[in-house]
$ cat upload_6.pdb   # PDB, C-alpha atoms
ATOM      1  CA  MET A   1     214.572 135.096 177.183  1.00  0.00           C
ATOM      2  CA  HIS A   2     214.442 138.197 179.325  1.00  0.00           C
ATOM      3  CA  ASP A   3     215.301 138.338 182.994  1.00  0.00           C
ATOM      4  CA  ASP A   4     212.395 139.389 185.148  1.00  0.00           C
ATOM      5  CA  GLY A   5     214.146 139.427 188.487  1.00  0.00           C
ATOM      6  CA  ALA A   6     213.692 135.702 189.075  1.00  0.00           C
ATOM      7  CA  GLY A   7     215.755 132.624 188.246  1.00  0.00           C
ATOM      8  CA  GLU A   8     218.926 133.587 186.372  1.00  0.00           C
ATOM      9  CA  GLY A   9     217.968 137.271 186.837  1.00  0.00           C
ATOM     10  CA  ALA A  10     218.315 137.018 190.599  1.00  0.00           C
ATOM     11  CA  GLY A  11     221.217 139.004 192.018  1.00  0.00           C
ATOM     12  CA  ARG A  12     221.108 141.644 189.283  1.00  0.00           C
ATOM     13  CA  VAL A  13     221.966 145.203 190.342  1.00  0.00           C
ATOM     14  CA  ASP A  14     219.900 147.899 188.635  1.00  0.00           C
ATOM     15  CA  GLY A  15     219.296 145.536 185.726  1.00  0.00           C
ATOM     16  CA  ARG A  16     223.009 144.723 185.380  1.00  0.00           C
ATOM     17  CA  SER A  17     224.798 141.490 186.140  1.00  0.00           C
ATOM     18  CA  PRO A  18     226.774 141.593 189.428  1.00  0.00           C
ATOM     19  CA  ALA A  19     230.088 141.419 187.546  1.00  0.00           C
ATOM     20  CA  ARG A  20     229.118 144.238 185.184  1.00  0.00           C
ATOM     21  CA  ALA A  21     227.738 146.333 188.057  1.00  0.00           C
ATOM     22  CA  ALA A  22     230.969 145.877 190.015  1.00  0.00           C
ATOM     23  CA  ALA A  23     233.060 146.842 186.981  1.00  0.00           C
ATOM     24  CA  THR A  24     230.933 149.929 186.300  1.00  0.00           C
ATOM     25  CA  ASP A  25     230.993 151.010 189.927  1.00  0.00           C
ATOM     26  CA  GLY A  26     234.738 150.416 190.053  1.00  0.00           C
ATOM     27  CA  GLY A  27     235.234 152.541 186.943  1.00  0.00           C
ATOM     28  CA  ARG A  28     233.100 155.318 188.405  1.00  0.00           C
ATOM     29  CA  ALA A  29     235.039 155.203 191.679  1.00  0.00           C
ATOM     30  CA  LEU A  30     238.289 155.422 189.711  1.00  0.00           C
ATOM     31  CA  HIS A  31     237.028 158.460 187.798  1.00  0.00           C
ATOM     32  CA  VAL A  32     235.998 160.181 191.032  1.00  0.00           C
ATOM     33  CA  ALA A  33     239.378 159.376 192.603  1.00  0.00           C
ATOM     34  CA  VAL A  34     241.223 160.750 189.556  1.00  0.00           C
ATOM     35  CA  ALA A  35     239.094 163.919 189.577  1.00  0.00           C
ATOM     36  CA  VAL A  36     239.685 164.515 193.292  1.00  0.00           C
ATOM     37  CA  GLY A  37     243.390 163.833 192.849  1.00  0.00           C
ATOM     38  CA  LEU A  38     243.606 166.273 189.934  1.00  0.00           C
ATOM     39  CA  VAL A  39     241.866 169.037 191.888  1.00  0.00           C
ATOM     40  CA  ALA A  40     244.193 168.490 194.859  1.00  0.00           C
ATOM     41  CA  TYR A  41     247.233 168.454 192.561  1.00  0.00           C
ATOM     42  CA  ALA A  42     246.098 171.638 190.793  1.00  0.00           C
ATOM     43  CA  TRP A  43     245.604 173.404 194.125  1.00  0.00           C
ATOM     44  CA  TRP A  44     249.092 172.368 195.248  1.00  0.00           C
ATOM     45  CA  ALA A  45     250.887 173.022 191.936  1.00  0.00           C
ATOM     46  CA  VAL A  46     249.664 176.588 191.396  1.00  0.00           C
ATOM     47  CA  GLY A  47     250.659 177.442 194.964  1.00  0.00           C
ATOM     48  CA  LEU A  48     254.354 176.624 194.425  1.00  0.00           C
ATOM     49  CA  ALA A  49     256.896 179.437 194.359  1.00  0.00           C
ATOM     50  CA  GLN A  50     256.915 181.194 190.998  1.00  0.00           C
ATOM     51  CA  PHE A  51     259.975 180.805 188.775  1.00  0.00           C
ATOM     52  CA  SER A  52     261.086 177.768 190.829  1.00  0.00           C
ATOM     53  CA  VAL A  53     262.293 174.464 189.414  1.00  0.00           C
ATOM     54  CA  ARG A  54     259.643 172.664 191.484  1.00  0.00           C
ATOM     55  CA  ALA A  55     256.854 174.742 189.961  1.00  0.00           C
ATOM     56  CA  THR A  56     258.245 174.218 186.463  1.00  0.00           C
ATOM     57  CA  ALA A  57     258.447 170.458 186.993  1.00  0.00           C
ATOM     58  CA  ALA A  58     254.984 170.267 188.577  1.00  0.00           C
ATOM     59  CA  ILE A  59     253.334 172.148 185.720  1.00  0.00           C
ATOM     60  CA  VAL A  60     255.215 170.841 182.706  1.00  0.00           C
ATOM     61  CA  LEU A  61     255.273 167.195 183.844  1.00  0.00           C
ATOM     62  CA  ALA A  62     251.527 167.295 184.540  1.00  0.00           C
ATOM     63  CA  GLY A  63     250.892 168.667 181.052  1.00  0.00           C
ATOM     64  CA  ALA A  64     253.158 166.074 179.474  1.00  0.00           C
ATOM     65  CA  ALA A  65     251.437 163.302 181.437  1.00  0.00           C
ATOM     66  CA  ALA A  66     248.019 164.503 180.285  1.00  0.00           C
ATOM     67  CA  MET A  67     249.287 164.464 176.698  1.00  0.00           C
ATOM     68  CA  ALA A  68     250.708 160.962 177.127  1.00  0.00           C
ATOM     69  CA  VAL A  69     247.367 159.691 178.466  1.00  0.00           C
ATOM     70  CA  GLY A  70     245.512 161.424 175.635  1.00  0.00           C
ATOM     71  CA  ARG A  71     247.866 159.957 173.062  1.00  0.00           C
ATOM     72  CA  ARG A  72     247.156 156.434 174.320  1.00  0.00           C
ATOM     73  CA  ARG A  73     243.456 157.067 173.703  1.00  0.00           C
ATOM     74  CA  ARG A  74     243.629 158.778 170.334  1.00  0.00           C
ATOM     75  CA  LEU A  75     240.446 159.202 168.355  1.00  0.00           C
ATOM     76  CA  PRO A  76     240.209 157.187 165.126  1.00  0.00           C
ATOM     77  CA  ARG A  77     241.612 159.124 162.189  1.00  0.00           C
ATOM     78  CA  ARG A  78     239.295 160.120 159.409  1.00  0.00           C
ATOM     79  CA  SER A  79     240.392 159.479 155.868  1.00  0.00           C
ATOM     80  CA  PRO A  80     242.018 162.488 154.140  1.00  0.00           C
ATOM     81  CA  ALA A  81     239.034 162.682 151.796  1.00  0.00           C
ATOM     82  CA  ASP A  82     236.741 163.399 154.743  1.00  0.00           C
ATOM     83  CA  ALA A  83     238.368 166.713 155.470  1.00  0.00           C
ATOM     84  CA  ASP A  84     238.601 169.662 153.125  1.00  0.00           C
ATOM     85  CA  VAL A  85     241.965 171.306 153.781  1.00  0.00           C
ATOM     86  CA  SER A  86     240.838 174.521 152.068  1.00  0.00           C
ATOM     87  CA  GLY A  87     238.199 174.837 154.790  1.00  0.00           C
ATOM     88  CA  ILE A  88     240.825 175.879 157.302  1.00  0.00           C
ATOM     89  CA  ALA A  89     241.681 179.075 155.366  1.00  0.00           C
ATOM     90  CA  PRO A  90     239.300 181.383 157.292  1.00  0.00           C
ATOM     91  CA  TRP A  91     240.651 180.022 160.587  1.00  0.00           C
ATOM     92  CA  ALA A  92     244.231 180.488 159.411  1.00  0.00           C
ATOM     93  CA  VAL A  93     243.482 184.116 158.508  1.00  0.00           C
ATOM     94  CA  LEU A  94     241.849 184.716 161.895  1.00  0.00           C
ATOM     95  CA  ALA A  95     244.799 183.115 163.691  1.00  0.00           C
ATOM     96  CA  ALA A  96     247.222 185.301 161.731  1.00  0.00           C
ATOM     97  CA  VAL A  97     245.279 188.475 162.567  1.00  0.00           C
ATOM     98  CA  ALA A  98     245.096 187.456 166.242  1.00  0.00           C
ATOM     99  CA  GLY A  99     248.842 186.780 166.266  1.00  0.00           C
ATOM    100  CA  ALA A 100     249.568 190.156 164.655  1.00  0.00           C
ATOM    101  CA  TRP A 101     247.332 191.975 167.146  1.00  0.00           C
ATOM    102  CA  GLN A 102     248.989 190.219 170.076  1.00  0.00           C
ATOM    103  CA  LEU A 103     252.454 190.982 168.676  1.00  0.00           C
ATOM    104  CA  ALA A 104     251.570 194.654 168.176  1.00  0.00           C
ATOM    105  CA  ALA A 105     250.444 194.888 171.812  1.00  0.00           C
ATOM    106  CA  TYR A 106     253.545 193.029 173.024  1.00  0.00           C
ATOM    107  CA  LEU A 107     255.921 195.388 171.219  1.00  0.00           C
ATOM    108  CA  GLN A 108     254.349 198.532 172.682  1.00  0.00           C
ATOM    109  CA  HIS A 109     254.655 199.991 176.179  1.00  0.00           C
ATOM    110  CA  PRO A 110     253.530 200.578 178.851  1.00  0.00           C
ATOM    111  CA  ARG A 111     251.876 197.181 179.315  1.00  0.00           C
ATOM    112  CA  ALA A 112     248.883 198.758 181.103  1.00  0.00           C
ATOM    113  CA  ASP A 113     248.020 200.619 177.914  1.00  0.00           C
ATOM    114  CA  HIS A 114     248.864 197.747 175.598  1.00  0.00           C
ATOM    115  CA  PRO A 115     247.726 194.564 177.364  1.00  0.00           C
ATOM    116  CA  THR A 116     248.737 191.213 175.928  1.00  0.00           C
ATOM    117  CA  VAL A 117     246.738 188.021 176.390  1.00  0.00           C
ATOM    118  CA  SER A 118     249.258 187.037 179.066  1.00  0.00           C
ATOM    119  CA  SER A 119     248.875 190.249 181.049  1.00  0.00           C
ATOM    120  CA  LEU A 120     245.077 190.015 180.815  1.00  0.00           C
ATOM    121  CA  ALA A 121     245.270 186.384 181.985  1.00  0.00           C
ATOM    122  CA  ASN A 122     247.430 187.465 184.928  1.00  0.00           C
ATOM    123  CA  GLU A 123     244.699 189.880 186.001  1.00  0.00           C
ATOM    124  CA  LEU A 124     241.995 187.205 185.644  1.00  0.00           C
ATOM    125  CA  LEU A 125     244.027 184.532 187.449  1.00  0.00           C
ATOM    126  CA  ASP A 126     244.882 186.628 190.456  1.00  0.00           C
ATOM    127  CA  SER A 127     243.251 184.344 193.024  1.00  0.00           C
ATOM    128  CA  HIS A 128     244.387 180.846 193.976  1.00  0.00           C
ATOM    129  CA  PRO A 129     241.024 179.185 193.096  1.00  0.00           C
ATOM    130  CA  ALA A 130     241.007 180.892 189.668  1.00  0.00           C
ATOM    131  CA  ARG A 131     244.565 179.711 188.973  1.00  0.00           C
ATOM    132  CA  ALA A 132     243.732 176.154 190.052  1.00  0.00           C
ATOM    133  CA  ALA A 133     240.619 176.122 187.833  1.00  0.00           C
ATOM    134  CA  ALA A 134     242.615 177.496 184.886  1.00  0.00           C
ATOM    135  CA  PHE A 135     245.305 174.871 185.459  1.00  0.00           C
ATOM    136  CA  LEU A 136     242.670 172.101 185.368  1.00  0.00           C
ATOM    137  CA  ALA A 137     241.272 173.539 182.130  1.00  0.00           C
ATOM    138  CA  TRP A 138     244.791 173.656 180.679  1.00  0.00           C
ATOM    139  CA  ILE A 139     245.384 170.005 181.657  1.00  0.00           C
ATOM    140  CA  ALA A 140     242.055 168.965 180.114  1.00  0.00           C
ATOM    141  CA  ALA A 141     242.907 170.828 176.904  1.00  0.00           C
ATOM    142  CA  ALA A 142     246.339 169.149 176.775  1.00  0.00           C
ATOM    143  CA  TRP A 143     244.645 165.737 176.995  1.00  0.00           C
ATOM    144  CA  TRP A 144     242.045 166.766 174.383  1.00  0.00           C
ATOM    145  CA  LEU A 145     244.695 168.052 171.957  1.00  0.00           C
ATOM    146  CA  ALA A 146     246.761 164.891 172.257  1.00  0.00           C
ATOM    147  CA  ARG A 147     243.714 162.774 171.368  1.00  0.00           C
ATOM    148  CA  ARG A 148     243.199 164.552 168.028  1.00  0.00           C
TER
ATOM    149  CA  MET B 149     242.568 205.213 175.113  1.00  0.00           C
ATOM    150  CA  SER B 150     245.205 202.781 173.859  1.00  0.00           C
ATOM    151  CA  ARG B 151     244.097 200.172 176.359  1.00  0.00           C
ATOM    152  CA  SER B 152     240.515 200.504 175.164  1.00  0.00           C
ATOM    153  CA  VAL B 153     241.560 200.141 171.537  1.00  0.00           C
ATOM    154  CA  THR B 154     243.602 197.028 172.333  1.00  0.00           C
ATOM    155  CA  LEU B 155     240.752 195.467 174.304  1.00  0.00           C
ATOM    156  CA  VAL B 156     238.253 196.250 171.546  1.00  0.00           C
ATOM    157  CA  GLY B 157     240.594 194.501 169.121  1.00  0.00           C
ATOM    158  CA  TYR B 158     240.596 191.349 171.260  1.00  0.00           C
ATOM    159  CA  ALA B 159     236.807 191.540 171.566  1.00  0.00           C
ATOM    160  CA  VAL B 160     236.430 191.838 167.791  1.00  0.00           C
ATOM    161  CA  LEU B 161     238.629 188.761 167.335  1.00  0.00           C
ATOM    162  CA  ILE B 162     236.476 186.772 169.783  1.00  0.00           C
ATOM    163  CA  VAL B 163     233.275 187.853 168.045  1.00  0.00           C
ATOM    164  CA  ALA B 164     234.808 187.025 164.647  1.00  0.00           C
ATOM    165  CA  ALA B 165     235.752 183.553 165.874  1.00  0.00           C
ATOM    166  CA  ALA B 166     232.233 182.978 167.197  1.00  0.00           C
ATOM    167  CA  GLY B 167     230.756 184.202 163.908  1.00  0.00           C
ATOM    168  CA  LEU B 168     233.071 181.955 161.917  1.00  0.00           C
ATOM    169  CA  GLU B 169     232.066 178.970 164.036  1.00  0.00           C
ATOM    170  CA  VAL B 170     228.342 179.661 163.596  1.00  0.00           C
ATOM    171  CA  ALA B 171     228.754 180.192 159.841  1.00  0.00           C
ATOM    172  CA  ALA B 172     230.788 176.992 159.511  1.00  0.00           C
ATOM    173  CA  ARG B 173     228.110 174.969 161.299  1.00  0.00           C
ATOM    174  CA  ARG B 174     225.395 176.405 159.077  1.00  0.00           C
ATOM    175  CA  ARG B 175     227.326 175.879 155.850  1.00  0.00           C
ATOM    176  CA  GLY B 176     228.797 172.552 156.832  1.00  0.00           C
ATOM    177  CA  SER B 177     232.358 173.824 156.352  1.00  0.00           C
ATOM    178  CA  ALA B 178     235.271 173.370 158.745  1.00  0.00           C
ATOM    179  CA  THR B 179     234.512 174.329 162.335  1.00  0.00           C
ATOM    180  CA  PHE B 180     237.294 175.288 164.749  1.00  0.00           C
ATOM    181  CA  VAL B 181     237.676 171.681 165.908  1.00  0.00           C
ATOM    182  CA  ASP B 182     237.664 170.430 162.292  1.00  0.00           C
ATOM    183  CA  ALA B 183     240.370 172.928 161.356  1.00  0.00           C
ATOM    184  CA  LEU B 184     242.446 171.953 164.368  1.00  0.00           C
ATOM    185  CA  THR B 185     242.029 168.262 163.568  1.00  0.00           C
ATOM    186  CA  ILE B 186     243.175 168.847 159.976  1.00  0.00           C
ATOM    187  CA  VAL B 187     246.235 170.807 161.099  1.00  0.00           C
ATOM    188  CA  LEU B 188     247.117 168.152 163.678  1.00  0.00           C
ATOM    189  CA  ARG B 189     247.360 165.567 160.903  1.00  0.00           C
ATOM    190  CA  TRP B 190     250.828 166.918 160.176  1.00  0.00           C
ATOM    191  CA  ARG B 191     253.340 165.549 162.622  1.00  0.00           C
ATOM    192  CA  ALA B 192     255.407 168.748 162.723  1.00  0.00           C
ATOM    193  CA  ALA B 193     252.316 170.877 163.406  1.00  0.00           C
ATOM    194  CA  ARG B 194     251.200 168.427 166.048  1.00  0.00           C
ATOM    195  CA  LEU B 195     254.548 168.522 167.846  1.00  0.00           C
ATOM    196  CA  ALA B 196     254.725 172.321 167.554  1.00  0.00           C
ATOM    197  CA  LEU B 197     251.228 172.784 168.969  1.00  0.00           C
ATOM    198  CA  LEU B 198     251.782 170.399 171.873  1.00  0.00           C
ATOM    199  CA  ALA B 199     255.109 172.091 172.674  1.00  0.00           C
ATOM    200  CA  ALA B 200     253.441 175.504 172.463  1.00  0.00           C
ATOM    201  CA  TRP B 201     250.725 174.283 174.826  1.00  0.00           C
ATOM    202  CA  LEU B 202     253.321 173.158 177.377  1.00  0.00           C
ATOM    203  CA  TRP B 203     255.076 176.514 177.056  1.00  0.00           C
ATOM    204  CA  LEU B 204     251.748 178.329 177.584  1.00  0.00           C
ATOM    205  CA  GLY B 205     251.167 176.394 180.811  1.00  0.00           C
ATOM    206  CA  TRP B 206     254.646 177.240 182.036  1.00  0.00           C
ATOM    207  CA  HIS B 207     254.169 180.870 180.985  1.00  0.00           C
ATOM    208  CA  LEU B 208     250.813 181.236 182.756  1.00  0.00           C
ATOM    209  CA  PHE B 209     251.417 179.209 185.905  1.00  0.00           C
ATOM    210  CA  VAL B 210     255.158 179.397 186.557  1.00  0.00           C
ATOM    211  CA  ARG B 211     256.791 182.398 184.936  1.00  0.00           C
ATOM    212  CA  VAL B 212     254.367 185.080 186.033  1.00  0.00           C
ATOM    213  CA  ASP B 213     254.627 187.086 189.228  1.00  0.00           C
ATOM    214  CA  TRP B 214     251.313 186.738 191.062  1.00  0.00           C
ATOM    215  CA  GLN B 215     252.236 189.152 193.819  1.00  0.00           C
TER
END
$ encode --input "upload_6.pdb" --output "structure tokens"
Amino acid sequence: MHDDGAGEGAGRVDGRSPARAAATDGGRALHVAVAVGLVAYAWWAVGLAQFSVRATAAIVLAGAAAMAVGRRRRLPRRSPADADVSGIAPWAVLAAVAGAWQLAAYLQHPRADHPTVSSLANELLDSHPARAAAFLAWIAAAWWLARR
Amino acid sequence: MSRSVTLVGYAVLIVAAAGLEVAARRRGSATFVDALTIVLRWRAARLALLAAWLWLGWHLFVRVDWQ
């Protein structure tokens, strides 16, 4: 029997039972609260004095917490037969070339003529909003990596 | 001149990665995420990557001099 808005269907919210609607709305409110909290935290954390213990703790602990949350919600593992290990060879070669290129730049001076990924990132993340956005992306990636 | 060469090198690497991803999707071989997932199967690699990621965050957001 289907509910048509009468009898046992009365009291439904957008086609959902009141209990389910409350749970869904509560979950959505929690997600919004977490998102707002993360943005506020990112704004505060990237504004701390550089090289300080407080900044180190604020950044590293946030990353570790994101990893811990991601680890609790790990994706189901595929069986070894599902993945062809030889398929990673092209990516391994590319990673090795990228590492060598970065190392070559790092070992040469001046830095302006031989920019590393770090020095380029410093130029891109010069503003507070850019740093906060990058920090949020880093946190999200930490969570994503820990889920794999 | 040197700066341009270095930047072109990074650009080539980005284009190569994009090309590899597109080719992998067409051929059904390992994409970037697939490759990462395979590597992360090994506990040592997993720990090393997560530690490296924490270091990267510290390096980018703490160690640098923004001024």
$ resolve_selection --input "upload_6.pdb" --expression "the ChimeraX specification (/A :<9) & /B" --output "VMD selection string"
chain B and resid 149 to 155 157 to 158 161 164 to 165 168 177 to 180 182 to 189 194 197 to 198 201 to 215
$ closest_residue --input "upload_6.pdb" --among "A:Leu103, A:Leu124, A:Trp43, A:Gly70" --to "Ala140 in chain A" --atoms "all atoms listed in the file"
A:Gly70
$ atom_distance --input "upload_6.pdb" --atom1 "CA of Glu169 in chain B" --atom2 "CA of Val93 in chain A"
13.7 Å
$ atom_distance --input "upload_6.pdb" --atom1 "CA of Ala42 in chain A" --atom2 "CA of Ala66 in chain A"
12.8 Å
$ atom_distance --input "upload_6.pdb" --atom1 "CA of Ser17 in chain A" --atom2 "CA of Arg73 in chain A"
27.3 Å
$ axis_aligned_box --input "upload_6.pdb" --around "range 125-140 of chain A" --padding-each-side "6 Å" --output "JSON"
{"center_x": 243.0, "center_y": 177.8, "center_z": 187.0, "size_x": 16.8, "size_y": 29.7, "size_z": 25.9}
